[in-house]
Each structure stands twice: as C-alpha cells, then as structure tokens.
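J.: Structure file structure.cif, mmCIF, C-alpha atoms and all ligand atoms, is pasted below:
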```
data_query
#
loop_
_atom_site.label_atom_id
_atom_site.label_comp_id
_atom_site.auth_asym_id
_atom_site.auth_seq_id
_atom_site.Cartn_x
_atom_site.Cartn_y
_atom_site.Cartn_z
CA MET W 5 100.68 112.20 89.24
CA ASN W 6 98.26 109.52 88.11
CA SER W 7 97.34 107.59 91.22
CA LEU W 8 95.36 108.33 94.33
CA PHE W 9 98.38 106.94 96.19
CA ASP W 10 100.50 109.83 94.87
CA ARG W 11 98.46 112.32 96.89
CA ILE W 12 100.24 113.90 99.88
CA HIS W 13 98.20 114.01 103.09
CA ILE W 14 99.58 116.27 105.81
CA ARG W 15 99.59 114.05 108.89
CA THR W 16 101.53 116.31 111.24
CA GLY W 17 99.22 117.45 114.01
CA THR W 18 96.89 114.45 113.78
CA ALA W 19 98.43 112.77 116.86
CA SER W 20 100.25 110.52 114.41
CA LEU W 21 102.99 108.37 115.95
CA LYS W 22 104.87 108.29 112.64
CA TYR W 23 104.92 112.10 112.26
CA ASP W 24 104.30 113.70 115.62
CA ALA W 25 106.78 111.56 117.60
CA ARG W 26 109.71 112.27 115.27
CA ARG W 27 111.55 114.59 117.64
CA GLU W 28 111.23 112.08 120.45
CA VAL W 29 112.27 109.09 118.33
CA PHE W 30 114.89 110.61 116.01
CA GLY W 31 115.95 113.76 117.87
CA ARG W 32 114.68 115.97 115.03
CA ALA W 33 111.16 116.65 113.81
CA ASP W 34 111.98 117.03 110.12
CA VAL W 35 113.11 113.54 109.08
CA ILE W 36 111.19 111.90 106.23
CA PRO W 37 109.36 109.31 108.34
CA LEU W 38 109.61 105.83 106.80
CA TRP W 39 109.52 103.87 110.02
CA VAL W 40 106.48 102.62 112.02
CA ALA W 41 104.22 100.34 109.98
CA ASP W 42 101.34 102.48 108.83
CA MET W 43 100.93 104.04 105.40
CA ASP W 44 100.46 107.65 104.34
CA PHE W 45 97.60 106.74 101.98
CA ALA W 46 93.92 107.60 102.36
CA VAL W 47 91.73 104.60 103.24
CA PRO W 48 89.25 103.18 100.69
CA ASP W 49 86.23 105.46 100.15
CA ALA W 50 83.90 102.80 101.54
CA VAL W 51 85.80 102.82 104.85
CA GLN W 52 85.70 106.57 105.16
CA ARG W 53 81.99 106.58 104.30
CA ALA W 54 81.22 103.97 106.94
CA LEU W 55 83.14 105.95 109.56
CA THR W 56 81.41 109.21 108.61
CA GLU W 57 77.99 107.57 108.79
CA ARG W 58 78.79 106.11 112.18
CA ALA W 59 80.12 109.45 113.43
CA ALA W 60 76.82 111.06 112.44
CA HIS W 61 75.09 109.04 115.14
CA PRO W 62 75.86 110.96 118.33
CA VAL W 63 76.02 108.09 120.80
CA PHE W 64 79.19 106.01 121.21
CA GLY W 65 78.35 103.38 123.77
CA TYR W 66 79.63 99.85 124.37
CA THR W 67 79.39 97.48 121.45
CA ILE W 68 78.71 93.92 120.39
CA HIS W 69 80.17 92.17 117.34
CA PRO W 70 77.28 92.02 114.85
CA GLU W 71 76.69 89.00 112.62
CA SER W 72 77.50 91.11 109.54
CA LEU W 73 81.02 91.61 110.91
CA TYR W 74 81.66 87.86 111.01
CA GLU W 75 80.19 87.51 107.53
CA SER W 76 82.52 90.15 106.08
CA LEU W 77 85.57 88.37 107.53
CA LEU W 78 84.48 84.90 106.39
CA HIS W 79 83.75 86.24 102.92
CA TRP W 80 87.16 87.96 102.71
CA LEU W 81 89.10 84.87 103.77
CA ALA W 82 87.16 82.65 101.37
CA THR W 83 87.40 84.91 98.33
CA ARG W 84 90.89 86.34 98.84
CA HIS W 85 92.68 83.32 100.29
CA GLY W 86 90.45 80.33 99.54
CA TRP W 87 90.25 79.70 103.28
CA HIS W 88 86.87 78.57 104.61
CA ILE W 89 86.49 78.87 108.37
CA GLY W 90 83.61 78.37 110.77
CA ARG W 91 82.06 81.47 112.33
CA GLU W 92 82.40 79.91 115.79
CA SER W 93 86.22 79.86 115.48
CA VAL W 94 86.47 83.68 115.28
CA MET W 95 87.42 85.78 118.30
CA PHE W 96 87.84 89.57 118.10
CA CYS W 97 90.47 91.63 119.90
CA PRO W 98 91.56 95.28 119.57
CA GLY W 99 95.07 94.31 118.46
CA VAL W 100 97.22 91.43 117.32
CA VAL W 101 99.85 92.13 119.97
CA PRO W 102 97.38 91.78 122.88
CA SER W 103 96.23 88.54 121.22
CA LEU W 104 99.81 87.25 121.18
CA HIS W 105 100.08 87.96 124.90
CA ALA W 106 96.74 86.26 125.56
CA CYS W 107 97.80 83.16 123.55
CA ILE W 108 101.10 82.92 125.41
CA MET W 109 99.21 82.98 128.70
CA ALA W 110 96.61 80.52 127.44
CA PHE W 111 98.95 77.95 125.90
CA THR W 112 102.04 77.88 128.10
CA GLU W 113 102.89 77.44 131.77
CA PRO W 114 105.39 79.76 133.47
CA ASP W 115 108.24 77.23 133.19
CA GLU W 116 107.71 76.65 129.46
CA ALA W 117 109.34 78.43 126.56
CA VAL W 118 108.09 80.36 123.54
CA ILE W 119 109.98 80.28 120.24
CA ALA W 120 110.49 83.28 117.94
CA GLN W 121 112.37 83.56 114.65
CA PRO W 122 114.52 86.71 114.51
CA PRO W 123 115.08 89.07 112.91
CA VAL W 124 111.40 89.60 113.69
CA TYR W 125 108.78 92.15 114.75
CA ALA W 126 110.01 93.24 118.17
CA PRO W 127 106.94 92.32 120.30
CA PHE W 128 107.52 88.65 119.37
CA LEU W 129 110.78 88.94 121.30
CA SER W 130 109.41 90.88 124.26
CA ALA W 131 105.97 89.26 124.75
CA PRO W 132 107.19 85.91 126.16
CA GLU W 133 109.29 87.58 128.84
CA ILE W 134 106.57 90.11 129.68
CA CYS W 135 104.27 87.11 130.24
CA GLY W 136 106.89 85.46 132.46
CA ARG W 137 107.90 82.78 129.91
CA LYS W 138 111.30 81.88 128.59
CA LEU W 139 112.17 83.04 125.06
CA LEU W 140 113.95 80.66 122.71
CA LEU W 141 115.45 82.01 119.51
CA ASN W 142 115.27 80.07 116.26
CA PRO W 143 116.94 82.61 113.93
CA LEU W 144 116.15 82.61 110.23
CA LYS W 145 119.01 81.65 107.91
CA LEU W 146 120.20 84.17 105.32
CA THR W 147 121.73 82.58 102.24
CA GLU W 148 122.51 84.60 99.12
CA GLY W 149 120.02 87.30 99.99
CA ARG W 150 117.16 84.95 100.88
CA TYR W 151 115.85 84.06 104.33
CA THR W 152 114.67 80.54 105.18
CA PHE W 153 113.65 78.58 108.30
CA ASP W 154 116.31 76.69 110.26
CA LEU W 155 114.40 73.50 111.06
CA ASP W 156 117.31 71.65 112.69
CA ASP W 157 117.60 74.49 115.12
CA LEU W 158 113.81 74.42 115.65
CA GLU W 159 114.21 70.80 116.79
CA ARG W 160 116.81 72.00 119.31
CA CYS W 161 114.27 74.56 120.60
CA ALA W 162 111.67 71.80 120.93
CA ALA W 163 114.15 69.76 122.98
CA GLU W 164 114.61 72.79 125.26
CA ASP W 165 110.90 72.78 126.10
CA GLY W 166 109.74 75.21 123.41
CA ARG W 167 105.95 74.66 123.51
CA LEU W 168 104.69 77.54 121.41
CA LEU W 169 106.04 79.02 118.17
CA ILE W 170 105.13 82.56 117.12
CA LEU W 171 105.34 82.54 113.33
CA CYS W 172 105.38 85.74 111.30
CA SER W 173 103.71 84.90 107.99
CA PRO W 174 104.36 86.92 105.85
CA HIS W 175 107.48 87.94 107.71
CA ASN W 176 108.12 91.41 109.09
CA PRO W 177 110.85 92.67 108.53
CA VAL W 178 112.46 90.33 105.98
CA GLY W 179 109.50 90.35 103.56
CA ARG W 180 109.30 86.60 102.99
CA VAL W 181 105.96 85.07 102.05
CA TRP W 182 106.50 81.49 103.19
CA GLN W 183 105.70 78.94 100.51
CA LYS W 184 103.61 75.83 100.96
CA ASP W 185 106.55 73.39 101.03
CA GLU W 186 108.41 75.49 103.59
CA LEU W 187 105.34 75.71 105.82
CA GLN W 188 104.69 71.99 105.48
CA ALA W 189 108.27 71.22 106.57
CA LEU W 190 107.86 73.58 109.54
CA LEU W 191 104.56 71.91 110.46
CA ALA W 192 106.20 68.47 110.36
CA VAL W 193 108.56 69.57 113.16
CA CYS W 194 105.69 71.15 115.11
CA GLU W 195 103.65 67.97 114.81
CA LYS W 196 106.57 65.77 115.90
CA TYR W 197 107.12 67.80 119.07
CA ALA W 198 103.51 68.92 119.69
CA ILE W 199 104.40 72.59 119.34
CA THR W 200 101.40 74.93 119.12
CA VAL W 201 101.74 77.68 116.51
CA ILE W 202 100.43 81.23 116.61
CA SER W 203 100.57 82.31 113.00
CA ASP W 204 100.56 86.09 112.82
CA GLU W 205 99.15 86.73 109.34
CA ILE W 206 98.49 90.46 109.73
CA HIS W 207 100.43 91.11 106.47
CA ALA W 208 98.68 88.30 104.53
CA ASP W 209 96.92 90.59 102.06
CA LEU W 210 100.04 92.59 101.17
CA ILE W 211 101.57 90.25 98.63
CA TYR W 212 103.51 91.23 95.51
CA PRO W 213 102.35 90.07 92.05
CA GLY W 214 103.20 86.46 91.24
CA ILE W 215 103.40 85.39 94.91
CA LYS W 216 100.71 83.60 96.90
CA HIS W 217 100.14 83.64 100.65
CA VAL W 218 99.16 80.27 102.12
CA PRO W 219 97.24 80.46 105.43
CA LEU W 220 99.10 78.05 107.70
CA ALA W 221 95.90 76.60 109.12
CA THR W 222 94.86 75.31 105.68
CA LEU W 223 97.83 72.91 105.72
CA SER W 224 97.28 70.81 108.84
CA ASP W 225 94.62 69.62 111.25
CA LYS W 226 97.19 67.78 113.35
CA VAL W 227 99.09 70.82 114.62
CA ASN W 228 97.31 73.20 116.95
CA ILE W 229 97.27 76.49 115.00
CA VAL W 230 95.84 79.83 116.04
CA THR W 231 95.86 82.51 113.33
CA ALA W 232 95.89 86.26 113.87
CA ILE W 233 94.44 88.38 111.06
CA ALA W 234 93.41 91.99 110.68
CA PRO W 235 92.40 94.56 108.06
CA SER W 236 94.64 97.09 109.82
CA LYS W 237 97.82 96.87 107.71
CA THR W 238 95.93 95.99 104.52
CA PHE W 239 93.61 99.00 104.54
CA ASN W 240 95.70 101.40 106.61
CA ILE W 241 93.45 101.49 109.67
CA PRO W 242 95.81 100.30 112.44
CA GLY W 243 94.96 103.29 114.63
CA LEU W 244 91.37 102.07 114.90
CA GLY W 245 92.49 98.93 116.71
CA MET W 246 90.73 95.75 115.69
CA SER W 247 91.85 92.25 114.77
CA ALA W 248 90.60 88.68 114.83
CA LEU W 249 91.91 85.32 115.92
CA VAL W 250 90.88 82.10 114.20
CA VAL W 251 90.84 79.43 116.88
CA PRO W 252 89.37 76.10 115.72
CA ASP W 253 89.46 74.35 119.11
CA LYS W 254 86.71 75.10 121.66
CA ALA W 255 88.90 74.53 124.74
CA ASP W 256 91.54 76.84 123.25
CA ARG W 257 88.90 79.52 122.77
CA ALA W 258 87.89 79.22 126.41
CA ALA W 259 91.54 79.52 127.52
CA ILE W 260 92.08 82.59 125.33
CA ASN W 261 88.83 84.12 126.59
CA LYS W 262 90.09 83.74 130.13
CA ALA W 263 93.31 85.57 129.21
CA PHE W 264 91.30 88.28 127.37
CA GLY W 265 89.26 88.65 130.55
CA THR W 266 92.36 89.38 132.65
CA LEU W 267 93.56 91.91 130.07
CA HIS W 268 90.05 93.34 129.57
CA VAL W 269 90.51 93.53 125.81
CA SER W 270 87.47 91.82 124.33
CA ALA W 271 85.39 94.92 123.51
CA SER W 272 85.80 96.85 120.25
CA ASN W 273 85.21 100.54 119.67
CA PRO W 274 82.28 101.44 117.38
CA PHE W 275 84.51 102.97 114.69
CA SER W 276 86.74 99.93 114.44
CA ILE W 277 83.72 97.71 113.87
CA VAL W 278 82.27 99.65 110.93
CA ALA W 279 85.71 100.19 109.35
CA PHE W 280 86.61 96.48 109.65
CA GLU W 281 83.37 95.45 107.97
CA ALA W 282 83.46 98.04 105.19
CA ALA W 283 87.11 97.28 104.38
CA TYR W 284 86.59 93.54 104.04
CA ARG W 285 83.30 93.96 102.21
CA GLU W 286 84.22 96.68 99.73
CA GLY W 287 88.00 97.13 99.78
CA ALA W 288 89.22 94.53 97.25
CA ALA W 289 89.61 96.88 94.26
CA TRP W 290 91.42 99.49 96.37
CA LEU W 291 93.80 96.79 97.62
CA ASP W 292 94.55 95.59 94.08
CA ALA W 293 95.46 99.15 93.11
CA LEU W 294 97.59 99.54 96.25
CA LEU W 295 99.53 96.35 95.51
CA GLU W 296 100.30 97.53 91.99
CA TYR W 297 101.50 100.87 93.37
CA LEU W 298 103.68 99.25 96.04
CA ALA W 299 105.25 96.94 93.47
CA GLY W 300 106.16 99.99 91.38
CA THR W 301 107.72 101.69 94.38
CA ARG W 302 109.65 98.55 95.30
CA ASP W 303 111.01 98.46 91.74
CA LEU W 304 111.98 102.11 92.02
CA VAL W 305 113.92 101.47 95.25
CA ARG W 306 115.65 98.39 93.81
CA GLY W 307 116.71 100.25 90.66
CA PHE W 308 117.86 103.35 92.56
CA LEU W 309 119.95 101.37 95.02
CA ARG W 310 121.61 99.37 92.24
CA GLN W 311 122.48 102.49 90.31
CA TYR W 312 123.40 105.00 93.00
CA LEU W 313 123.85 103.16 96.31
CA PRO W 314 125.28 99.71 95.56
CA GLN W 315 126.57 99.48 99.13
CA ILE W 316 122.90 99.10 100.25
CA LYS W 317 121.19 95.93 99.07
CA MET W 318 117.44 95.41 99.15
CA ILE W 319 116.42 91.96 100.30
CA GLU W 320 113.84 91.11 97.63
CA PRO W 321 110.42 91.39 99.33
CA GLU W 322 107.60 89.00 98.45
CA GLY W 323 105.12 90.78 100.68
CA THR W 324 104.57 93.73 103.07
CA TYR W 325 105.33 97.40 102.44
CA LEU W 326 108.45 97.09 104.56
CA LEU W 327 111.78 96.80 102.76
CA TRP W 328 114.70 95.15 104.53
CA LEU W 329 117.88 96.90 103.52
CA ASP W 330 121.24 95.20 103.99
CA CYS W 331 123.61 98.06 104.85
CA ARG W 332 126.48 95.92 106.12
CA ALA W 333 128.74 96.87 103.22
CA MET W 334 128.66 100.48 104.47
CA GLY W 335 130.95 99.29 107.26
CA LEU W 336 129.17 101.32 109.97
CA SER W 337 128.21 100.30 113.50
CA ASP W 338 124.49 100.37 114.31
CA LYS W 339 124.89 103.68 116.09
CA GLN W 340 126.77 105.18 113.14
CA LEU W 341 124.19 103.76 110.74
CA LYS W 342 121.32 105.38 112.62
CA ASN W 343 123.27 108.62 112.81
CA PHE W 344 124.00 108.52 109.08
CA PHE W 345 120.36 108.09 108.09
CA VAL W 346 118.94 110.56 110.60
CA GLN W 347 121.59 113.27 110.78
CA GLU W 348 123.22 113.11 107.36
CA ALA W 349 120.30 112.01 105.17
CA GLY W 350 117.31 113.28 107.20
CA VAL W 351 115.47 109.98 106.75
CA GLY W 352 113.81 108.12 109.63
CA LEU W 353 114.07 104.36 109.13
CA SER W 354 113.69 101.55 111.69
CA PRO W 355 117.10 100.27 112.84
CA GLY W 356 117.51 96.57 112.09
CA ALA W 357 118.82 95.89 115.59
CA MET W 358 115.26 96.50 116.89
CA PHE W 359 114.34 93.12 115.44
CA GLY W 360 117.05 91.22 117.32
CA VAL W 361 120.84 91.12 116.98
CA GLN W 362 120.33 89.26 113.69
CA GLY W 363 119.16 92.63 112.32
CA CYS W 364 122.40 94.48 113.09
CA GLY W 365 123.72 96.23 109.97
CA PHE W 366 120.24 96.34 108.41
CA MET W 367 117.58 99.07 108.24
CA ARG W 368 113.85 98.72 107.56
CA MET W 369 112.26 101.16 105.13
CA ASN W 370 108.48 101.64 105.04
CA ILE W 371 107.46 102.39 101.43
CA GLY W 372 103.79 102.99 102.28
CA ALA W 373 104.08 106.61 101.13
CA PRO W 374 103.68 108.55 97.86
CA ARG W 375 106.44 107.66 95.42
CA SER W 376 107.66 111.28 95.34
CA VAL W 377 108.41 110.99 99.08
CA ILE W 378 110.31 107.72 98.63
CA ARG W 379 112.26 109.21 95.72
CA GLN W 380 113.19 112.23 97.85
CA ALA W 381 114.36 109.96 100.69
CA LEU W 382 116.52 107.94 98.27
CA GLU W 383 118.05 111.10 96.83
CA ASN W 384 118.81 112.37 100.34
CA ILE W 385 120.52 109.08 101.19
CA ALA W 386 122.55 109.07 97.97
CA HIS W 387 123.63 112.67 98.52
CA ALA W 388 124.60 111.97 102.13
CA ALA W 389 126.57 108.89 101.06
CA ALA W 390 128.46 110.90 98.44
CA VAL W 391 129.38 113.58 101.00
CA TYR W 392 130.33 110.91 103.52
CA ASN W 393 132.59 109.13 101.01
CA GLN W 394 134.33 112.39 100.12
CA CYS W 395 135.12 112.92 103.80
CA LEU W 396 136.79 109.50 104.13
CA PRO W 397 140.59 109.76 104.42
C1 LIG S 1 103.79 91.07 112.37
C2 LIG S 1 103.01 92.13 113.10
N1 LIG S 1 102.13 91.77 114.05
C3 LIG S 1 101.40 92.68 114.72
C4 LIG S 1 101.54 94.03 114.46
C5 LIG S 1 100.74 95.03 115.25
O1 LIG S 1 99.43 94.62 115.36
P1 LIG S 1 98.41 95.40 116.26
O2 LIG S 1 98.58 96.86 116.00
O3 LIG S 1 97.08 94.89 115.82
O4 LIG S 1 98.70 95.05 117.69
C6 LIG S 1 102.46 94.45 113.48
C7 LIG S 1 102.67 95.88 113.21
O5 LIG S 1 103.58 96.28 112.56
C8 LIG S 1 103.21 93.47 112.79
O6 LIG S 1 104.09 93.81 111.83
#
```
Step by step, read the file and then write its structure as structure tokens.
T.:
Amino acid sequence: MNSLFDRIHIRTGTASLKYDARREVFGRADVIPLWVADMDFAVPDAVQRALTERAAHPVFGYTIHPESLYESLLHWLATRHGWHIGRESVMFCPGVVPSLHACIMAFTEPDEAVIAQPPVYAPFLSAPEICGRKLLLNPLKLTEGRYTFDLDDLERCAAEDGRLLILCSPHNPVGRVWQKDELQALLAVCEKYAITVISDEIHADLIYPGIKHVPLATLSDKVNIVTAIAPSKTFNIPGLGMSALVVPDKADRAAINKAFGTLHVSASNPFSIVAFEAAYREGAAWLDALLEYLAGTRDLVRGFLRQYLPQIKMIEPEGTYLLWLDCRAMGLSDKQLKNFFVQEAGVGLSPGAMFGVQGCGFMRMNIGAPRSVIRQALENIAHAAAVYNQCLP
C-alpha cells in the first residue's frame, strides 16, 4: 500500500451507476464492477476543495461560464498538449454525448450519413439514428493485435454520402492513441471528400508513458474539425457533467448553438464549473501519478494473463483505463462469455458486442480501480477458467 490510488472507497449507496446498478445490469449485486467508464479513485484534493468551498455557499442558482473557466481550459490545452486555441472557439456543454447529437444535427441533413468506426463507444453507433441520420460503418482493421484505420473503406463511405465522421481519439474501447501519420492520412481522405470530423478527445489526457496524443485540429486547417474535450475521464468527475467543444468556425458555432437550444443543454451546474476549473488549473501532478499507477496495473494484467490465462489476450493499450481483451480463443459465444465472467468469475466487464458486432468475442475491462481489486478480479477469472476447463468432456 504505497499510493493514494490503492485506497478503497466504498461507493455502494452513493447512487453510483457502476456499483448500485449491478443487480439490474448483471443480475447479481456482488460482481467486482469493472465496467462503466469511471474510476474508483478519489479526485485531486484541489477539486474536492473547490467543491467544498462552493457547497459552503448556500445558494445554487443558474450560472454563467466565468472568464477564469476559459483560461483554465486554454492553459491546460497549451501546456499539456501544445495546442493553442482562441477563447472564442470554446463552447460548453454538460456532456460529450449531447454535443455529438448537437453536431450531427448541426452538420448534416436528414438524408445524409454519419460515419463511425467500430468497435467503438456505443453512442457513436446510436446517435446518428436517434437524430434521424443514416449510419455508415467504417470498421477498424485488426492485424496482429493492432487496430488501424481502413481508409479505402472510408472512401467507400464518402461515396455513399457520408458527410460527417465521428472519430474516437484516443479510441474507446481498443485503446489506440492515433499517431500523427495515421491522422494525416485520415485527414487527406476527409479533405478530398469534404467530410467534417467530430474528434471526440475525451480520453486525450489518459496516455501511457512513451506515447503522445496529437489533437486532430492541430494537423489541418482545410478539414472542418470540431473537437470534444472534457476533464471528466481525466480527473474522475464524469458525474458532474461538463465538457467543451472547440469549434473554430463562427457559422458552425451558430449552428451548434441552435441545436443546443433545441436540446436545452447550454447551462452548467455550479459544481461542474468549479470542479472543471480546479482540475485543469491544479490537477497536473495528480494526473501524472495516476498515469504511472495505471501503467503499473496494465503491466500487472498483461503479465497475469500471459502466465495464467493465455486464452485471453490483452490488446496493448496506448491510452485510456479501458483494456480490450480478446477472448475469442475461449471458444464461447457472447452469451456464454458474459455468463462465464458474471456467474462463474463474479466479475462485471463490458461485453465487446456493445461496441458493434466487431466487438464479438471481446470484453472491456476498466482498470480504474485499486490494484488489489484488479488482482482479485484476475484471480477470480483464472479460478473460474480452471474449474470450467476441468468440466470440459
Ligand atoms: C469516447 C467517449 N465519449 C464520450 C463519453 C461520455 O461523455 P459524457 O459523459 O461527457 O457524455 C465516453 C464515456 O465513456 C467516451 O468513452
């Protein structure tokens, strides 16, 4: 026990989706919950202090977005990612997913199509249809354990009237942090066919040592790029609900504002504002420590699987605290796979099929938890696999 990330926080009874919805989601309330993407770690002290100070003021009325909020975001992007943006390009929204919906409405007509790259975060697949647009799939290619873009297929999508691409960068669930040359090649196709890109960079700060995240918008001024960013995954405050869009074009901002108006999502709650600002202003050291801890846990999982569960292969993550586990060698259907993890191992993972059919045979494991919890989950899985193998004829 030598890290603040080793500390166990009892979350049951805090209206936590990850903990308190276990019976509903998994059919039993005692699974080790390594599913929905929040972490079990305490937020940086500065964030908790800012929230406590705000809570001490007894009035919680409607809010504005103060200048200091913009400054904290601009400073974070400049110092952490070398990305210098204008204050006027920033728009706030309670969540990235509502922003995706607003962008789809703002940038496409009902007869046009939106492109997504499965296996991918499920709302990318549902948002276009919810907004009355066609969804075009441009699946990632998996070669020797590494996912890449399929740009020939992206050209096919463009020919089928794909006007808007929702890019996941870094990618949930496959853990890729797209490199500059890959993004440049993708942008070349987008430029050729005038495809607008929404680059969802919510995981941009969660990058493993030796890897660098490149904000897509720093690579082109010819492609229309809208970037979604948030401190929510980085600093474990997703329940507070606040994110930002970087939208360089004035007419685009007006179109998105119109969509925000119909959804009534432009206001932020007072807690989200102070947490957002404190996290970006004072959270860098906490994040560095978190990244070191996550890298250690990732190494633990890799080593454990190799030694005790070789039938489960970890797709090497470059970013995010979400591990993409290739379970196809277990030879189980998706239903059997879910049943194995929940009923036999008592571990609640996200089934890969949630991310599109390309995720069948995979499971997503959230390692944003104390290492002792992850170790226990791995031991449960290994034990269940041993029992299962003994029962085979
Ligand atoms: C790629 C991606 N985008 C968006 C979200 C959710 O964002 P929000 O809670 O701000 O709507 C998630 C959450 O897991 C995610 O992985």
J.: May I have the residues within 9 Å of ligand LIG 1 (chain S), computed using all atoms listed in the file, as an MDAnalysis selection string?
T.: chainID W and resid 40:42 97:104 124:128 171:177 204:207 232:234 236:237 242:247 324
J.: Go ahead and save the picked residues with C-alpha atoms, as a compact mmCIF listing (two decimals), in the coordinates of the input.
T.:
```txt
# COMPACT_ATOMS: atom_id res chain seq x y z
CA VAL W 40 106.48 102.62 112.02
CA ALA W 41 104.22 100.34 109.98
CA ASP W 42 101.34 102.48 108.83
CA CYS W 97 90.47 91.63 119.90
CA PRO W 98 91.56 95.28 119.57
CA GLY W 99 95.07 94.31 118.46
CA VAL W 100 97.22 91.43 117.32
CA VAL W 101 99.85 92.13 119.97
CA PRO W 102 97.38 91.78 122.88
CA SER W 103 96.23 88.54 121.22
CA LEU W 104 99.81 87.25 121.18
CA VAL W 124 111.40 89.60 113.69
CA TYR W 125 108.78 92.15 114.75
CA ALA W 126 110.01 93.24 118.17
CA PRO W 127 106.94 92.32 120.30
CA PHE W 128 107.52 88.65 119.37
CA LEU W 171 105.34 82.54 113.33
CA CYS W 172 105.38 85.74 111.30
CA SER W 173 103.71 84.90 107.99
CA PRO W 174 104.36 86.92 105.85
CA HIS W 175 107.48 87.94 107.71
CA ASN W 176 108.12 91.41 109.09
CA PRO W 177 110.85 92.67 108.53
CA ASP W 204 100.56 86.09 112.82
CA GLU W 205 99.15 86.73 109.34
CA ILE W 206 98.49 90.46 109.73
CA HIS W 207 100.43 91.11 106.47
CA ALA W 232 95.89 86.26 113.87
CA ILE W 233 94.44 88.38 111.06
CA ALA W 234 93.41 91.99 110.68
CA SER W 236 94.64 97.09 109.82
CA LYS W 237 97.82 96.87 107.71
CA PRO W 242 95.81 100.30 112.44
CA GLY W 243 94.96 103.29 114.63
CA LEU W 244 91.37 102.07 114.90
CA GLY W 245 92.49 98.93 116.71
CA MET W 246 90.73 95.75 115.69
CA SER W 247 91.85 92.25 114.77
CA THR W 324 104.57 93.73 103.07
```
J.: Go through W:Met367, W:Ala25, W:Leu73, W:Cys107 one by one, measure the shortest atom-to-atom distance of each to Ala259 (chain W) using all atoms listed in the file, and give the residue with the smallest value.
T.: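 Closest to Ala259 (chain W) of all the choices is W:Cys107.
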J.: In Å, how far is it from CA of Pro374 (chain W) to CA of Leu341 (chain W)?
T.: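 Taking CA of Pro374 (chain W) as the start and CA of Leu341 (chain W) as the end point, the length is 24.7 Å.
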J.: Work out how far apart CA of Ile134 (chain W) and CA of Ala117 (chain W) are and give it in Å to one decimal.
T.: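 So the two atoms, CA of Ile134 (chain W) and CA of Ala117 (chain W), lie 12.4 Å apart.
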J.: Could you tell me how far CA of Ile170 (chain W) sits from CA of Ile202 (chain W), in Å to one decimal place?
T.: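 Separation of CA of Ile202 (chain W) and CA of Ile170 (chain W): 4.9 Å.
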J.: Set the distance at 9 Å and use only C-alpha atoms: which residues neighbour Ala54 (chain W) once local chain neighbours fewer than 3 positions away are removed? I'd like the list as an MDAnalysis selection string.
T.: chainID W and resid 49:51 57:59 275 278:279 281:282
J.: Would you please work out which residue, of W:Pro123, W:Leu295, W:Ser276, W:Ala258, is nearest to Gly360 (chain W) when using only C-alpha atoms?
T.: W:Pro123
J.: Determine the nearest neighbour of Lys262 (chain W) from the options W:Ala110, W:Thr238, W:Asn384, W:Pro37, counting only C-alpha atoms.
T.: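 Smallest separation from Lys262 (chain W) among the options: W:Ala110.
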J.: Between W:Gln340, W:Asn273, W:Ser354, W:Thr222, which one has atoms that come closest to Ile36 (chain W), using all atoms listed in the file?
T.: W:Ser354
J.: Please check which residues have atoms at most 6 Å from (95.8, 87.0, 126.8) in the file's coordinates, counting only C-alpha atoms, and write them as a CSV table (one decimal) with C-alpha atoms, in the frame of the given file.
T.:
```
chain,number,residue,atom,x,y,z
W,103,SER,CA,96.2,88.5,121.2
W,105,HIS,CA,100.1,88.0,124.9
W,106,ALA,CA,96.7,86.3,125.6
W,107,CYS,CA,97.8,83.2,123.6
W,109,MET,CA,99.2,83.0,128.7
W,260,ILE,CA,92.1,82.6,125.3
W,263,ALA,CA,93.3,85.6,129.2
W,264,PHE,CA,91.3,88.3,127.4
```
J.: Select, counting all atoms listed in the file, all protein, DNA and RNA residues no farther than 10 Å from (92.7, 86.3, 100.2) in file coordinates, and express the selection as a list of chain:residue names.
T.: W:His79, W:Trp80, W:Leu81, W:Ala82, W:Thr83, W:Arg84, W:His85, W:Gly86, W:Trp87, W:Ala208, W:Asp209, W:Leu210, W:Ile211, W:Lys216, W:His217, W:Val218, W:Pro219, W:Ala288
J.: Neighbours of Val193 (chain W) within 8 Å (all atoms listed in the file; same-chain residues fewer than 5 positions away dropped), as a PyMOL selection string?
T.: chain W and resi 155+158-159
J.: Smallest atom-to-atom distance to Val63 (chain W): which of W:Gly214, W:Pro274, W:Asp24, W:Lys145, using only C-alpha atoms?
T.: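 Closest to Val63 (chain W), using only C-alpha atoms: W:Pro274.
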J.: Measuring between all atoms listed in the file, which one of W:Lys196, W:Arg375, W:His268, W:Arg257 shows the shortest distance to Leu304 (chain W)?
T.: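 Of the candidates, the smallest distance to Leu304 (chain W) is held by W:Arg375.
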J.: Could you give me, as a list in words, the residues within 9 Å of region 184-187 of chain W, counting all atoms listed in the file and dropping anything in the same chain fewer than 5 positions from it?
T.: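 Counting all atoms listed in the file, the residues come to Thr152, Phe153, Ala192, His217, Val218, Leu220 and Leu223 of chain W.
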J.: Write the selection just made, keeping C-alpha atoms, as a PDB file, keeping the file's coordinate frame?
T.:
```
ATOM      1  CA  THR W 152     114.670  80.540 105.180  1.00  0.00           C
ATOM      2  CA  PHE W 153     113.650  78.580 108.300  1.00  0.00           C
ATOM      3  CA  ALA W 192     106.200  68.470 110.360  1.00  0.00           C
ATOM      4  CA  HIS W 217     100.140  83.640 100.650  1.00  0.00           C
ATOM      5  CA  VAL W 218      99.160  80.270 102.120  1.00  0.00           C
ATOM      6  CA  LEU W 220      99.100  78.050 107.700  1.00  0.00           C
ATOM      7  CA  LEU W 223      97.830  72.910 105.720  1.00  0.00           C
TER       8      LEU W 223
END
```
